[in-house]
file query_12.cif (mmCIF, C-alpha atoms)
data_work
loop_
_atom_site.label_atom_id
_atom_site.label_comp_id
_atom_site.auth_asym_id
_atom_site.auth_seq_id
_atom_site.Cartn_x
_atom_site.Cartn_y
_atom_site.Cartn_z
CA MET Y 1 0.00 0.00 0.00
CA ARG Y 2 1.05 3.59 -0.51
CA LYS Y 3 2.28 5.88 2.24
CA PHE Y 4 0.50 9.07 3.25
CA GLU Y 5 3.54 11.19 2.49
CA GLY Y 6 3.84 14.33 4.59
CA TYR Y 7 1.56 12.84 7.24
CA MET Y 8 3.68 10.08 8.73
CA HIS Y 9 4.65 11.56 12.12
CA GLY Y 10 2.24 14.03 13.67
CA VAL Y 11 0.34 15.21 16.72
CA ASP Y 12 -3.24 16.28 17.42
CA LEU Y 13 -4.15 19.81 18.53
CA GLY Y 14 -7.26 18.75 20.41
CA GLY Y 15 -8.75 21.25 22.84
CA TRP Y 16 -8.04 24.28 20.65
CA LEU Y 17 -10.86 24.51 18.10
CA SER Y 18 -12.72 21.45 19.37
CA GLN Y 19 -13.59 20.14 22.84
CA LYS Y 20 -12.60 23.56 24.13
CA ASP Y 21 -12.51 24.58 27.78
CA SER Y 22 -13.77 27.99 26.70
CA ASP Y 23 -15.37 29.53 23.62
CA THR Y 24 -13.82 32.93 24.18
CA LYS Y 25 -11.58 34.61 21.64
CA GLU Y 26 -8.90 34.99 24.31
CA TYR Y 27 -8.83 31.23 24.91
CA MET Y 28 -8.49 30.34 21.23
CA ASP Y 29 -5.90 33.08 20.70
CA THR Y 30 -3.67 31.75 23.48
CA PHE Y 31 -4.24 27.99 23.88
CA ILE Y 32 -2.25 27.28 20.70
CA THR Y 33 0.06 29.88 19.17
CA GLU Y 34 2.76 30.13 16.52
CA ASP Y 35 5.34 29.03 19.09
CA ASP Y 36 3.60 25.67 19.35
CA PHE Y 37 3.90 25.09 15.62
CA ARG Y 38 7.59 25.97 15.82
CA ARG Y 39 8.04 23.56 18.73
CA ILE Y 40 6.26 20.76 16.86
CA ALA Y 41 8.53 21.26 13.86
CA ASP Y 42 11.57 21.29 16.16
CA MET Y 43 10.46 17.90 17.48
CA GLY Y 44 10.95 16.54 13.97
CA LEU Y 45 7.26 15.94 13.33
CA ASP Y 46 5.79 16.51 9.89
CA HIS Y 47 2.13 17.44 10.48
CA VAL Y 48 -0.64 18.48 12.84
CA ARG Y 49 -4.17 17.13 12.94
CA ILE Y 50 -6.55 19.91 13.95
CA PRO Y 51 -9.96 18.85 15.30
CA VAL Y 52 -12.59 21.51 14.60
CA ASP Y 53 -16.12 21.69 16.01
CA TYR Y 54 -18.64 22.89 13.45
CA THR Y 55 -19.74 25.54 15.97
CA THR Y 56 -16.26 27.09 15.75
CA ILE Y 57 -16.67 27.90 12.06
CA GLU Y 58 -20.42 28.14 11.40
CA ASP Y 59 -23.40 29.61 13.22
CA GLU Y 60 -25.53 27.05 15.04
CA GLU Y 61 -28.82 28.50 13.84
CA ASP Y 62 -28.31 29.48 10.21
CA ALA Y 63 -24.94 27.94 9.27
CA ARG Y 64 -23.37 31.29 8.37
CA PRO Y 65 -19.55 31.12 8.42
CA ILE Y 66 -17.83 32.47 11.54
CA GLU Y 67 -14.80 34.39 10.34
CA ASN Y 68 -13.15 34.53 13.76
CA GLY Y 69 -13.18 30.75 13.80
CA TYR Y 70 -11.78 30.40 10.30
CA LYS Y 71 -9.04 32.88 11.17
CA HIS Y 72 -7.46 30.29 13.47
CA LEU Y 73 -7.36 27.77 10.64
CA ASP Y 74 -5.93 30.46 8.37
CA ASP Y 75 -3.20 31.10 10.96
CA ALA Y 76 -2.51 27.36 11.20
CA VAL Y 77 -2.00 27.11 7.44
CA SER Y 78 0.36 30.09 7.54
CA TRP Y 79 2.35 28.66 10.44
CA CYS Y 80 2.54 25.24 8.80
CA ARG Y 81 4.03 26.85 5.70
CA LYS Y 82 6.49 28.82 7.79
CA TYR Y 83 7.74 25.77 9.70
CA GLY Y 84 7.50 23.12 6.99
CA LEU Y 85 4.49 21.23 8.38
CA HIS Y 86 1.41 19.67 6.81
CA MET Y 87 -2.01 19.81 8.46
CA ILE Y 88 -5.31 17.95 8.57
CA VAL Y 89 -8.61 19.74 9.07
CA ASP Y 90 -10.63 17.19 11.06
CA LEU Y 91 -14.35 17.93 11.39
CA HIS Y 92 -14.76 16.65 14.93
CA ASN Y 93 -18.54 16.97 14.95
CA THR Y 94 -21.27 18.34 12.70
CA HIS Y 95 -24.76 19.72 13.12
CA GLY Y 96 -26.89 16.80 14.28
CA TYR Y 97 -24.06 14.51 15.30
CA THR Y 98 -21.23 14.14 17.80
CA PHE Y 99 -19.23 11.16 19.00
CA ASP Y 100 -18.78 12.81 22.42
CA PRO Y 101 -19.82 10.29 25.11
CA LEU Y 102 -20.49 13.14 27.54
CA VAL Y 103 -23.42 14.20 25.34
CA LYS Y 104 -26.04 11.80 26.66
CA ASP Y 105 -29.28 12.99 25.07
CA MET Y 106 -28.39 12.56 21.37
CA ASP Y 107 -29.83 10.09 18.89
CA ARG Y 108 -26.62 9.10 17.12
CA THR Y 109 -28.52 7.62 14.18
CA TYR Y 110 -30.35 10.90 13.45
CA PHE Y 111 -27.75 12.58 11.22
CA PHE Y 112 -27.30 9.45 9.11
CA HIS Y 113 -31.00 9.27 8.25
CA ASN Y 114 -31.75 12.98 7.84
CA GLU Y 115 -31.20 14.48 4.40
CA LYS Y 116 -31.43 18.07 5.64
CA GLU Y 117 -28.60 17.51 8.12
CA GLN Y 118 -26.54 15.80 5.44
CA GLU Y 119 -27.03 18.70 3.04
CA ARG Y 120 -25.74 21.05 5.74
CA PHE Y 121 -22.73 18.74 6.20
CA TYR Y 122 -21.96 18.76 2.45
CA ALA Y 123 -22.31 22.55 2.29
CA LEU Y 124 -19.94 22.99 5.21
CA TRP Y 125 -17.31 20.86 3.54
CA GLN Y 126 -17.74 22.68 0.24
CA ARG Y 127 -17.14 25.95 2.08
CA ILE Y 128 -14.04 24.59 3.85
CA VAL Y 129 -12.38 23.15 0.75
CA LYS Y 130 -13.18 26.25 -1.30
CA ARG Y 131 -11.43 28.38 1.30
CA TYR Y 132 -8.32 26.16 1.35
CA ALA Y 133 -8.30 24.96 -2.26
CA LYS Y 134 -5.05 26.83 -2.91
CA ASP Y 135 -3.41 25.12 0.08
CA THR Y 136 -4.00 21.47 -0.72
CA ASP Y 137 -0.30 20.92 -1.21
CA ILE Y 138 -0.07 20.95 2.60
CA VAL Y 139 -3.70 20.64 3.81
CA ALA Y 140 -5.79 17.44 3.92
CA PHE Y 141 -9.43 17.05 4.96
CA GLU Y 142 -10.94 14.48 7.34
CA LEU Y 143 -14.67 14.09 6.81
CA LEU Y 144 -15.91 13.26 10.31
CA ASN Y 145 -14.42 12.08 13.58
CA GLU Y 146 -15.48 8.73 15.07
CA VAL Y 147 -18.77 7.48 13.75
CA VAL Y 148 -20.02 5.59 16.81
CA LEU Y 149 -22.66 3.05 15.85
CA PRO Y 150 -21.73 -0.05 13.81
CA GLU Y 151 -25.27 -0.45 12.46
CA ILE Y 152 -25.10 2.69 10.32
CA ALA Y 153 -21.91 1.66 8.47
CA GLU Y 154 -23.57 1.62 5.04
CA ASP Y 155 -25.40 4.90 5.66
CA TRP Y 156 -22.07 6.50 6.56
CA ASN Y 157 -20.39 5.04 3.48
CA ASN Y 158 -23.05 6.59 1.25
CA ILE Y 159 -22.74 9.97 2.95
CA ALA Y 160 -18.95 9.88 2.64
CA ASP Y 161 -19.22 8.96 -1.05
CA GLU Y 162 -21.50 11.93 -1.70
CA ALA Y 163 -19.29 14.30 0.30
CA VAL Y 164 -16.24 13.25 -1.72
CA LYS Y 165 -18.15 13.71 -4.98
CA ARG Y 166 -19.13 17.28 -4.10
CA MET Y 167 -15.72 18.19 -2.71
CA ARG Y 168 -14.01 16.91 -5.85
CA GLU Y 169 -15.78 19.57 -7.88
CA ILE Y 170 -13.66 22.10 -5.97
CA VAL Y 171 -10.49 20.19 -4.97
CA PRO Y 172 -10.02 17.35 -7.46
CA TYR Y 173 -6.66 16.21 -6.06
CA ALA Y 174 -6.79 17.03 -2.35
CA TRP Y 175 -6.30 14.27 0.20
CA ILE Y 176 -9.62 13.28 1.79
CA ILE Y 177 -9.52 11.08 4.88
CA ILE Y 178 -12.33 8.64 5.73
CA GLY Y 179 -12.69 6.55 8.88
CA GLY Y 180 -15.03 3.71 9.73
CA VAL Y 181 -17.64 3.03 12.39
CA ASN Y 182 -17.43 1.77 15.97
CA TYR Y 183 -15.52 4.87 17.06
CA ASN Y 184 -13.23 4.56 14.01
CA ASN Y 185 -12.04 1.13 15.14
CA VAL Y 186 -9.23 -0.37 13.09
CA THR Y 187 -11.20 -3.61 12.74
CA ASP Y 188 -13.94 -1.73 10.86
CA VAL Y 189 -11.72 -0.39 8.08
CA PRO Y 190 -12.78 -3.30 5.81
CA LYS Y 191 -16.36 -2.00 5.93
CA LEU Y 192 -15.40 1.17 4.06
CA HIS Y 193 -16.34 1.48 0.39
CA LYS Y 194 -13.72 1.16 -2.31
CA PRO Y 195 -11.93 4.52 -2.65
CA ALA Y 196 -13.39 6.81 -5.28
CA ASP Y 197 -9.96 7.91 -6.49
CA GLU Y 198 -6.24 7.88 -5.69
CA HIS Y 199 -6.41 10.69 -3.15
CA ILE Y 200 -8.48 8.94 -0.50
CA VAL Y 201 -6.93 7.84 2.82
CA PHE Y 202 -8.38 5.20 5.15
CA ASN Y 203 -8.27 6.27 8.77
CA PHE Y 204 -8.55 4.57 12.15
CA HIS Y 205 -7.91 5.32 15.83
CA CYS Y 206 -6.21 2.96 18.26
CA TYR Y 207 -6.31 3.09 22.05
CA GLU Y 208 -6.10 -0.65 22.65
CA PRO Y 209 -6.08 -2.03 25.27
CA LEU Y 210 -8.66 0.62 26.22
CA ILE Y 211 -8.57 -0.47 29.84
CA PHE Y 212 -4.88 0.55 29.91
CA THR Y 213 -4.91 3.71 27.77
CA HIS Y 214 -8.10 5.03 29.39
CA GLN Y 215 -7.64 3.81 32.95
CA ASN Y 216 -9.64 6.00 35.37
CA ALA Y 217 -11.03 8.06 32.47
CA TYR Y 218 -14.09 9.93 33.75
CA TRP Y 219 -15.79 9.96 30.33
CA VAL Y 220 -15.75 6.16 29.90
CA GLU Y 221 -18.98 4.78 31.31
CA LYS Y 222 -18.50 2.50 34.33
CA MET Y 223 -14.73 2.94 34.29
CA PRO Y 224 -13.50 2.76 37.93
CA ARG Y 225 -11.81 5.93 39.18
CA ASN Y 226 -9.01 4.14 41.04
CA LEU Y 227 -7.96 1.47 38.56
CA HIS Y 228 -4.26 0.68 38.10
CA VAL Y 229 -3.46 -1.20 34.87
CA THR Y 230 -0.02 -2.09 33.53
CA TYR Y 231 1.39 -2.81 30.07
CA PRO Y 232 2.33 -5.17 28.53
CA ASP Y 233 0.01 -7.96 29.57
CA THR Y 234 -2.12 -10.58 27.85
CA ILE Y 235 -5.56 -9.93 26.49
CA ALA Y 236 -6.86 -12.56 28.90
CA SER Y 237 -5.50 -10.50 31.79
CA TYR Y 238 -7.09 -7.28 30.52
CA ARG Y 239 -10.40 -9.06 30.05
CA LYS Y 240 -10.25 -10.41 33.61
CA ILE Y 241 -9.55 -6.92 34.99
CA GLY Y 242 -12.67 -5.76 33.20
CA GLU Y 243 -14.75 -8.61 34.58
CA ASP Y 244 -13.44 -8.10 38.12
CA ASN Y 245 -14.37 -4.42 37.95
CA ASN Y 246 -17.77 -4.93 36.29
CA ILE Y 247 -16.71 -3.02 33.19
CA PRO Y 248 -19.08 -3.77 30.26
CA ILE Y 249 -17.53 -5.81 27.47
CA GLU Y 250 -18.16 -2.97 24.98
CA ALA Y 251 -15.96 -0.68 27.09
CA LEU Y 252 -13.02 -3.04 26.67
CA GLY Y 253 -12.65 -2.33 22.96
CA ALA Y 254 -11.19 -5.13 20.86
CA MET Y 255 -9.92 -6.82 24.03
CA GLY Y 256 -13.38 -8.24 24.46
CA VAL Y 257 -13.13 -10.41 21.36
CA SER Y 258 -9.42 -10.97 20.64
CA ALA Y 259 -7.29 -14.05 21.31
CA ASP Y 260 -6.38 -14.59 24.97
CA ASP Y 261 -2.66 -15.17 24.58
CA LEU Y 262 -1.73 -12.05 22.62
CA LYS Y 263 0.59 -9.66 24.47
CA GLY Y 264 2.39 -6.39 23.81
CA LYS Y 265 3.27 -5.74 20.19
CA GLN Y 266 1.42 -8.89 19.13
CA ILE Y 267 -1.86 -7.18 20.01
CA PHE Y 268 -1.31 -4.46 17.41
CA GLU Y 269 0.00 -6.86 14.79
CA ARG Y 270 -3.20 -8.89 15.06
CA LEU Y 271 -5.55 -5.92 15.36
CA PHE Y 272 -4.18 -4.21 12.26
CA GLU Y 273 -4.26 -7.27 9.99
CA SER Y 274 -7.64 -6.72 8.31
CA ALA Y 275 -7.07 -2.97 7.87
CA ILE Y 276 -3.67 -3.58 6.29
CA GLU Y 277 -5.14 -6.22 3.97
CA THR Y 278 -7.86 -3.78 2.91
CA ALA Y 279 -5.38 -0.97 2.31
CA GLU Y 280 -3.17 -3.27 0.25
CA LYS Y 281 -6.17 -4.51 -1.73
CA TYR Y 282 -7.05 -0.96 -2.80
CA ASN Y 283 -3.48 0.43 -2.65
CA VAL Y 284 -4.79 3.18 -0.37
CA PRO Y 285 -2.74 4.90 2.35
CA LEU Y 286 -3.58 3.91 5.92
CA TYR Y 287 -3.49 6.49 8.71
CA CYS Y 288 -4.01 6.39 12.48
CA GLY Y 289 -5.44 9.78 13.43
CA GLU Y 290 -5.36 9.16 17.17
CA TYR Y 291 -3.38 6.98 19.55
CA GLY Y 292 -2.06 7.65 23.05
CA VAL Y 293 -2.10 6.85 26.76
CA ILE Y 294 -3.85 8.81 29.51
CA ASP Y 295 -1.54 10.87 31.73
CA ASN Y 296 -2.24 8.90 34.92
CA ALA Y 297 -0.94 5.59 33.52
CA PRO Y 298 2.50 4.32 34.65
CA LYS Y 299 5.06 6.21 32.58
CA PRO Y 300 7.47 3.32 31.81
CA ASP Y 301 4.46 1.33 30.59
CA THR Y 302 3.23 4.29 28.56
CA LEU Y 303 6.59 4.49 26.80
CA ARG Y 304 6.58 0.75 26.06
CA TRP Y 305 3.06 1.05 24.62
CA ILE Y 306 4.09 3.96 22.39
CA GLN Y 307 7.19 2.10 21.21
CA ASP Y 308 5.22 -1.06 20.43
CA ILE Y 309 2.41 0.54 18.46
CA THR Y 310 4.70 2.85 16.48
CA SER Y 311 6.99 -0.05 15.58
CA VAL Y 312 4.01 -1.71 13.89
CA PHE Y 313 3.13 1.58 12.20
CA ASP Y 314 6.67 1.77 10.86
CA GLU Y 315 6.76 -1.81 9.64
CA HIS Y 316 3.66 -1.23 7.51
CA GLY Y 317 4.16 2.40 6.48
CA ILE Y 318 1.19 3.72 8.48
CA GLY Y 319 1.08 7.47 9.14
CA ARG Y 320 -0.13 8.67 12.51
CA ALA Y 321 -0.86 11.54 14.90
CA LEU Y 322 -0.46 11.22 18.66
CA TRP Y 323 -3.35 12.30 20.85
CA ASN Y 324 -2.66 14.91 22.16
CA TYR Y 325 -0.21 17.83 22.01
CA LYS Y 326 -1.54 19.73 25.03
CA ALA Y 327 -4.03 19.07 27.83
CA LYS Y 328 -7.12 16.84 27.42
CA ASP Y 329 -5.57 14.28 29.84
CA TYR Y 330 -3.04 13.25 27.17
CA GLY Y 331 -0.90 16.36 26.67
CA LEU Y 332 2.55 15.52 25.32
CA VAL Y 333 4.01 18.84 26.44
CA ASP Y 334 2.43 18.72 29.90
CA SER Y 335 4.53 17.97 32.97
CA ALA Y 336 3.12 14.45 33.39
CA TYR Y 337 5.21 13.28 30.44
CA ASP Y 338 8.44 15.11 31.32
CA ASP Y 339 10.38 11.92 32.11
CA ILE Y 340 9.53 10.11 28.87
CA ARG Y 341 8.76 12.90 26.37
CA ASP Y 342 12.10 12.82 24.57
CA GLU Y 343 11.87 9.05 24.07
CA MET Y 344 8.27 9.32 22.92
CA VAL Y 345 9.11 11.94 20.33
CA LYS Y 346 11.84 9.72 18.87
CA VAL Y 347 9.26 7.15 17.75
CA MET Y 348 6.08 9.18 17.24
#

call {"tool": "encode", "arguments": {"input": "query_12.cif", "output": "structure tokens"}}
result
Amino acid sequence: MRKFEGYMHGVDLGGWLSQKDSDTKEYMDTFITEDDFRRIADMGLDHVRIPVDYTTIEDEEDARPIENGYKHLDDAVSWCRKYGLHMIVDLHNTHGYTFDPLVKDMDRTYFFHNEKEQERFYALWQRIVKRYAKDTDIVAFELLNEVVLPEIAEDWNNIADEAVKRMREIVPYAWIIIGGVNYNNVTDVPKLHKPADEHIVFNFHCYEPLIFTHQNAYWVEKMPRNLHVTYPDTIASYRKIGEDNNIPIEALGAMGVSADDLKGKQIFERLFESAIETAEKYNVPLYCGEYGVIDNAPKPDTLRWIQDITSVFDEHGIGRALWNYKAKDYGLVDSAYDDIRDEMVKVM
């Protein structure tokens, strides 16, 4: 399969234009600045993935563009050019849909069965790609972050196909990134439709074993708040920890269904098999838009996890972006990672 050149070693800028702690101009002006782009380039990374909430760039009520929101993306493009970086515009949610588990009162099938919402989604993407059409030498576009429900896989495929068709009228050769269902699980990559052209990228996220990378995470339903999980260990051991703590099988990710004896790097080698086969079948680049370990996990284990997963990325030419650059319980530049940051950056 081909490589996603220019997007092989990156980091996410979550918390800036998406999942923000504040919607104020001051917050967005200061949370990420030009100095951060310089620092990322100095780390030897080649791109940033920028999650963007639709409410940052369009009005909730009438979908009018919000220029103050777009200005931050404009700045990001400028800074990427200045420091030799590429960037991905990742639509982290859209009107009528979010993956966010903290939003409890949403019908997550609604968007996928509502033509009016889909038309708004297509129009938003047409506006985005028109604005950055001249920058597609360094800017790629990710259609939607983490489609949750497996049962709407075909509905999502059809929506993605239509979005690509309309975007291609404006940016015929831009990279467009498409992920699968089940929170963009790597095992669901084979459910994606055949790429429409040679500038499509298949995307997945990987936080397996979830019980390790998300230990004590407040947003994971029924996750204990005082759990201590190590890495590496066998899938059987992770499953038993889940059972002992009454964690639902669906909260264990792929650990709930994988072979008992797999351990460490073997877990990723097995998990990625079907996605790699699909990418090779279509000769499409494969990209992991998010991977990482929560900041309260044991740091030597975190480093081993990062080294194991990235070694499999390297062996198969898979591009990736670490979640996350700053804050959001995963911040690479935060003090929690001081002791292992330099070693992490070497393999990211």

call {"tool": "closest_residue", "arguments": {"input": "query_12.cif", "among": "Y:Lys3, Y:Arg320, Y:His95, Y:Lys299", "to": "Tyr337 (chain Y)", "atoms": "all atoms listed in the file"}}
result
Y:Lys299

call {"tool": "residues_around", "arguments": {"input": "query_12.cif", "residues": "Ala236 (chain Y)", "least_positions_apart": "2", "cutoff": "8 Å", "atoms": "all atoms listed in the file", "output": "PyMOL selection string"}}
result
chain Y and resi 234+238-240+259-261

call {"tool": "resolve_selection", "arguments": {"input": "query_12.cif", "expression": "the PyMOL selection byres ((chain Y and resi 129) around 10)", "output": "PyMOL selection string"}}
result
chain Y and resi 89+124-128+130-136+139-141+167-171+174

call {"tool": "residues_around", "arguments": {"input": "query_12.cif", "residues": "Tyr122 (chain Y)", "least_positions_apart": "4", "cutoff": "12 Å", "atoms": "only C-alpha atoms", "output": "PDB file with C-alpha atoms, in the coordinates of the input"}}
result
ATOM      1  CA  ALA Y  63     -24.940  27.940   9.270  1.00  0.00           C
ATOM      2  CA  LEU Y  91     -14.350  17.930  11.390  1.00  0.00           C
ATOM      3  CA  THR Y  94     -21.270  18.340  12.700  1.00  0.00           C
ATOM      4  CA  HIS Y  95     -24.760  19.720  13.120  1.00  0.00           C
ATOM      5  CA  GLU Y 115     -31.200  14.480   4.400  1.00  0.00           C
ATOM      6  CA  LYS Y 116     -31.430  18.070   5.640  1.00  0.00           C
ATOM      7  CA  GLU Y 117     -28.600  17.510   8.120  1.00  0.00           C
ATOM      8  CA  GLN Y 118     -26.540  15.800   5.440  1.00  0.00           C
ATOM      9  CA  GLN Y 126     -17.740  22.680   0.240  1.00  0.00           C
ATOM     10  CA  ARG Y 127     -17.140  25.950   2.080  1.00  0.00           C
ATOM     11  CA  ILE Y 128     -14.040  24.590   3.850  1.00  0.00           C
ATOM     12  CA  VAL Y 129     -12.380  23.150   0.750  1.00  0.00           C
ATOM     13  CA  LEU Y 143     -14.670  14.090   6.810  1.00  0.00           C
ATOM     14  CA  LEU Y 144     -15.910  13.260  10.310  1.00  0.00           C
ATOM     15  CA  ILE Y 159     -22.740   9.970   2.950  1.00  0.00           C
ATOM     16  CA  ALA Y 160     -18.950   9.880   2.640  1.00  0.00           C
ATOM     17  CA  ASP Y 161     -19.220   8.960  -1.050  1.00  0.00           C
ATOM     18  CA  GLU Y 162     -21.500  11.930  -1.700  1.00  0.00           C
ATOM     19  CA  ALA Y 163     -19.290  14.300   0.300  1.00  0.00           C
ATOM     20  CA  VAL Y 164     -16.240  13.250  -1.720  1.00  0.00           C
ATOM     21  CA  LYS Y 165     -18.150  13.710  -4.980  1.00  0.00           C
ATOM     22  CA  ARG Y 166     -19.130  17.280  -4.100  1.00  0.00           C
ATOM     23  CA  MET Y 167     -15.720  18.190  -2.710  1.00  0.00           C
ATOM     24  CA  ARG Y 168     -14.010  16.910  -5.850  1.00  0.00           C
TER      25      ARG Y 168
END

call {"tool": "residues_around", "arguments": {"input": "query_12.cif", "residues": "Trp156 (chain Y)", "least_positions_apart": "5", "cutoff": "9 Å", "atoms": "all atoms listed in the file", "output": "ChimeraX atom specification"}}
result
/Y:112,147,161,180-181,192

call {"tool": "closest_residue", "arguments": {"input": "query_12.cif", "among": "Y:Glu34, Y:Asp197, Y:Asp107, Y:Glu290", "to": "Asn145 (chain Y)", "atoms": "all atoms listed in the file"}}
result
Y:Glu290

call {"tool": "resolve_selection", "arguments": {"input": "query_12.cif", "expression": "the PyMOL selection byres ((chain Y and resi 78) around 12)", "output": "PyMOL selection string"}}
result
chain Y and resi 33-34+37-38+71-77+79-87+132+135+138-139

call {"tool": "residues_around", "arguments": {"input": "query_12.cif", "residues": "region 215-221 of chain Y", "least_positions_apart": "6", "cutoff": "7 Å", "atoms": "all atoms listed in the file", "output": "list in words"}}
result
Pro101, Leu102, Leu227, His228, Val229 and Ala297 of chain Y

call {"tool": "write_last_selection", "arguments": {"input": "query_12.cif", "atoms": "C-alpha atoms", "output": "compact mmCIF listing (two decimals), in the coordinates of the input"}}
result
# COMPACT_ATOMS: atom_id res chain seq x y z
CA PRO Y 101 -19.82 10.29 25.11
CA LEU Y 102 -20.49 13.14 27.54
CA LEU Y 227 -7.96 1.47 38.56
CA HIS Y 228 -4.26 0.68 38.10
CA VAL Y 229 -3.46 -1.20 34.87
CA ALA Y 297 -0.94 5.59 33.52

call {"tool": "atom_distance", "arguments": {"input": "query_12.cif", "atom1": "CA of Met28 (chain Y)", "atom2": "CA of Glu146 (chain Y)"}}
result
23.5 Å

call {"tool": "closest_residue", "arguments": {"input": "query_12.cif", "among": "Y:His9, Y:Lys25, Y:His92, Y:Lys328", "to": "Gly44 (chain Y)", "atoms": "only C-alpha atoms"}}
result
Y:His9

call {"tool": "residues_around", "arguments": {"input": "query_12.cif", "residues": "Ile235 (chain Y)", "least_positions_apart": "2", "cutoff": "12 Å", "atoms": "only C-alpha atoms", "output": "PyMOL selection string"}}
result
chain Y and resi 208-212+230-233+237-242+252-268+270-271

call {"tool": "resolve_selection", "arguments": {"input": "query_12.cif", "expression": "the PyMOL selection byres ((chain Y and resi 152) around 10)", "output": "PDB file with C-alpha atoms, keeping the file's coordinate frame"}}
result
ATOM      1  CA  ARG Y 108     -26.620   9.100  17.120  1.00  0.00           C
ATOM      2  CA  THR Y 109     -28.520   7.620  14.180  1.00  0.00           C
ATOM      3  CA  PHE Y 112     -27.300   9.450   9.110  1.00  0.00           C
ATOM      4  CA  HIS Y 113     -31.000   9.270   8.250  1.00  0.00           C
ATOM      5  CA  VAL Y 147     -18.770   7.480  13.750  1.00  0.00           C
ATOM      6  CA  VAL Y 148     -20.020   5.590  16.810  1.00  0.00           C
ATOM      7  CA  LEU Y 149     -22.660   3.050  15.850  1.00  0.00           C
ATOM      8  CA  PRO Y 150     -21.730  -0.050  13.810  1.00  0.00           C
ATOM      9  CA  GLU Y 151     -25.270  -0.450  12.460  1.00  0.00           C
ATOM     10  CA  ALA Y 153     -21.910   1.660   8.470  1.00  0.00           C
ATOM     11  CA  GLU Y 154     -23.570   1.620   5.040  1.00  0.00           C
ATOM     12  CA  ASP Y 155     -25.400   4.900   5.660  1.00  0.00           C
ATOM     13  CA  TRP Y 156     -22.070   6.500   6.560  1.00  0.00           C
ATOM     14  CA  ASN Y 157     -20.390   5.040   3.480  1.00  0.00           C
ATOM     15  CA  VAL Y 181     -17.640   3.030  12.390  1.00  0.00           C
ATOM     16  CA  ASN Y 182     -17.430   1.770  15.970  1.00  0.00           C
TER      17      ASN Y 182
END

call {"tool": "closest_residue", "arguments": {"input": "query_12.cif", "among": "Y:Leu322, Y:Pro298, Y:Pro285, Y:Ile276", "to": "His205 (chain Y)", "atoms": "only C-alpha atoms"}}
result
Y:Leu322

call {"tool": "closest_residue", "arguments": {"input": "query_12.cif", "among": "Y:Arg120, Y:Thr98, Y:Ala279, Y:Asp244", "to": "Asp59 (chain Y)", "atoms": "only C-alpha atoms"}}
result
Y:Arg120

call {"tool": "closest_residue", "arguments": {"input": "query_12.cif", "among": "Y:Lys194, Y:Asn245, Y:Glu269, Y:Phe121", "to": "Glu315 (chain Y)", "atoms": "all atoms listed in the file"}}
result
Y:Glu269

call {"tool": "atom_distance", "arguments": {"input": "query_12.cif", "atom1": "CA of Val312 (chain Y)", "atom2": "CA of Asp342 (chain Y)"}}
result
19.8 Å

call {"tool": "atom_distance", "arguments": {"input": "query_12.cif", "atom1": "CA of Lys281 (chain Y)", "atom2": "CA of Ile50 (chain Y)"}}
result
29.0 Å

call {"tool": "residues_near_point", "arguments": {"input": "query_12.cif", "point": "(-6.2, 0.2, 1.4)", "cutoff": "8 Å", "atoms": "only C-alpha atoms", "output": "PyMOL selection string"}}
result
chain Y and resi 1+201-202+275-286

call {"tool": "residues_near_point", "arguments": {"input": "query_12.cif", "point": "(8.5, 0.2, 17.2)", "cutoff": "12 Å", "atoms": "all atoms listed in the file", "output": "compact mmCIF listing (two decimals) with C-alpha atoms, in the frame of the given file"}}
result
# COMPACT_ATOMS: atom_id res chain seq x y z
CA GLY Y 264 2.39 -6.39 23.81
CA LYS Y 265 3.27 -5.74 20.19
CA GLN Y 266 1.42 -8.89 19.13
CA PHE Y 268 -1.31 -4.46 17.41
CA GLU Y 269 0.00 -6.86 14.79
CA LEU Y 303 6.59 4.49 26.80
CA ARG Y 304 6.58 0.75 26.06
CA TRP Y 305 3.06 1.05 24.62
CA ILE Y 306 4.09 3.96 22.39
CA GLN Y 307 7.19 2.10 21.21
CA ASP Y 308 5.22 -1.06 20.43
CA ILE Y 309 2.41 0.54 18.46
CA THR Y 310 4.70 2.85 16.48
CA SER Y 311 6.99 -0.05 15.58
CA VAL Y 312 4.01 -1.71 13.89
CA PHE Y 313 3.13 1.58 12.20
CA ASP Y 314 6.67 1.77 10.86
CA GLU Y 315 6.76 -1.81 9.64
CA HIS Y 316 3.66 -1.23 7.51
CA GLY Y 317 4.16 2.40 6.48
CA ILE Y 318 1.19 3.72 8.48
CA GLU Y 343 11.87 9.05 24.07
CA MET Y 344 8.27 9.32 22.92
CA LYS Y 346 11.84 9.72 18.87
CA VAL Y 347 9.26 7.15 17.75
CA MET Y 348 6.08 9.18 17.24
